[in-house]
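Student: My questions all concern the structure below.
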Amino acid sequence: MEKTIYLLRMLSYAGFMELSINGKTEYASPGLTVLELLEQRDLKTQEVVVERNLVLVPQDALAATRLEPGDVVEILHFVGGG
């Protein structure tokens, strides 16, 4: 457990920002946009809805919305079915 805490602190000190994405703590480069986050995960923008700090991010704002340290992000992926 101590090694995990140490590693997480080192990531934070190394310039990465801590985010909560779908309930899990993750680290990302500063300045990352919501669109870049989706692209890193191979998600198509037309198939997801993104909530940042309890506010939906409009589709036309994904590229302009920069994530900040401590942001809570939820990515909801639509699944087709019948």
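Chain lettering (A, B, ...) mirrors the order of the structure tokens, residue numbering begins at 1 for each chain separately, and ligand numbering begins at 1 in order of display.
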Using only C-alpha atoms, which protein or nucleic acid residues come within 8 Å of segment 71-80 of chain A? Drop anything in the same chain fewer than 6 positions from it, and give the result as a ChimeraX atom specification.

Tutor: /A:18-23,47-54

Student: Restricting it to C-alpha atoms, dump the selection as a PDB file, in the first residue's frame.

Tutor:
```pdb
ATOM      1  CA  GLU A  18      -5.180  13.594 -10.823  1.00  0.00           C
ATOM      2  CA  LEU A  19      -8.670  12.979 -12.188  1.00  0.00           C
ATOM      3  CA  SER A  20     -11.560  10.727 -11.272  1.00  0.00           C
ATOM      4  CA  ILE A  21     -12.792   8.989 -14.430  1.00  0.00           C
ATOM      5  CA  ASN A  22     -15.826   6.747 -14.062  1.00  0.00           C
ATOM      6  CA  GLY A  23     -15.068   6.394 -10.358  1.00  0.00           C
ATOM      7  CA  GLU A  47     -21.524   7.411 -29.084  1.00  0.00           C
ATOM      8  CA  VAL A  48     -20.850   9.005 -25.687  1.00  0.00           C
ATOM      9  CA  VAL A  49     -22.055  11.649 -23.288  1.00  0.00           C
ATOM     10  CA  VAL A  50     -19.495  13.230 -20.982  1.00  0.00           C
ATOM     11  CA  GLU A  51     -20.220  14.739 -17.598  1.00  0.00           C
ATOM     12  CA  ARG A  52     -17.549  16.897 -15.961  1.00  0.00           C
ATOM     13  CA  ASN A  53     -18.078  17.896 -12.340  1.00  0.00           C
ATOM     14  CA  LEU A  54     -21.806  17.063 -12.579  1.00  0.00           C
TER      15      LEU A  54
END
```

Student: Using the chain letters and numbers from this document, which residues of segment 11-42 of chain A does DSSP assign to strand (DSSP E or B), as a PyMOL selection string?

Tutor: chain A and resi 17-21+24-28+33

Student: Please identify all polymer residues within 8 Å of Thr65 of chain A, counting only C-alpha atoms, omitting same-chain residues fewer than 2 positions from it, and present them as a list in words.

Tutor: Thr33, Val34, Leu35, Val57, Ala61, Leu62, Ala63 and Leu67 of chain A

Student: As an exercise, work out the distance from atom CA of Glu26 of chain A to atom CA of Gln40 of chain A in Å and give it to one decimal place.

Tutor: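 One can read the atom CA of Glu26 of chain A to atom CA of Gln40 of chain A distance as 13.1 Å.
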
Student: Just the alpha helix (DSSP H) stuff from chain A, please, per backbone DSSP, written as a list in words.

Tutor: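 DSSP-assigned alpha helix (DSSP H) residues in chain A: Glu2, Lys3, Thr4, Ile5, Tyr6, Leu7, Leu8, Arg9, Met10, Leu11, Ser12, Tyr13, Val34, Leu35, Glu36, Leu37, Leu38, Glu39 and Gln40 of chain A.
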
Student: Taking C-alpha atoms for each residue, export the selection above as a PDB file, in the first residue's frame.

Tutor:
```
ATOM      1  CA  GLU A   2       2.816   2.406   0.848  1.00  0.00           C
ATOM      2  CA  LYS A   3       4.427   1.813  -2.553  1.00  0.00           C
ATOM      3  CA  THR A   4       1.136   2.666  -4.273  1.00  0.00           C
ATOM      4  CA  ILE A   5       0.770   5.901  -2.318  1.00  0.00           C
ATOM      5  CA  TYR A   6       4.390   6.795  -3.091  1.00  0.00           C
ATOM      6  CA  LEU A   7       3.877   6.154  -6.819  1.00  0.00           C
ATOM      7  CA  LEU A   8       0.706   8.267  -6.874  1.00  0.00           C
ATOM      8  CA  ARG A   9       2.499  11.130  -5.146  1.00  0.00           C
ATOM      9  CA  MET A  10       5.391  10.890  -7.609  1.00  0.00           C
ATOM     10  CA  LEU A  11       2.983  11.091 -10.563  1.00  0.00           C
ATOM     11  CA  SER A  12       1.451  14.195  -9.047  1.00  0.00           C
ATOM     12  CA  TYR A  13       4.866  15.767  -8.461  1.00  0.00           C
ATOM     13  CA  VAL A  34     -12.237  16.058 -23.100  1.00  0.00           C
ATOM     14  CA  LEU A  35     -11.948  15.238 -26.812  1.00  0.00           C
ATOM     15  CA  GLU A  36      -8.338  14.070 -26.373  1.00  0.00           C
ATOM     16  CA  LEU A  37      -9.398  11.908 -23.434  1.00  0.00           C
ATOM     17  CA  LEU A  38     -12.053  10.267 -25.595  1.00  0.00           C
ATOM     18  CA  GLU A  39      -9.593   9.765 -28.457  1.00  0.00           C
ATOM     19  CA  GLN A  40      -7.100   8.098 -26.088  1.00  0.00           C
TER      20      GLN A  40
END
```

Student: Could you check which of A:Gly70, A:Phe16, A:Thr45, A:Ala64 is closest to Pro30 of chain A, using only C-alpha atoms?

Tutor: A:Phe16

Student: Between atom CA of Leu32 of chain A and atom CA of Met17 of chain A, what is the spacing in Å?

Tutor: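 Answer for the atom CA of Met17 of chain A to atom CA of Leu32 of chain A separation: 9.5 Å.
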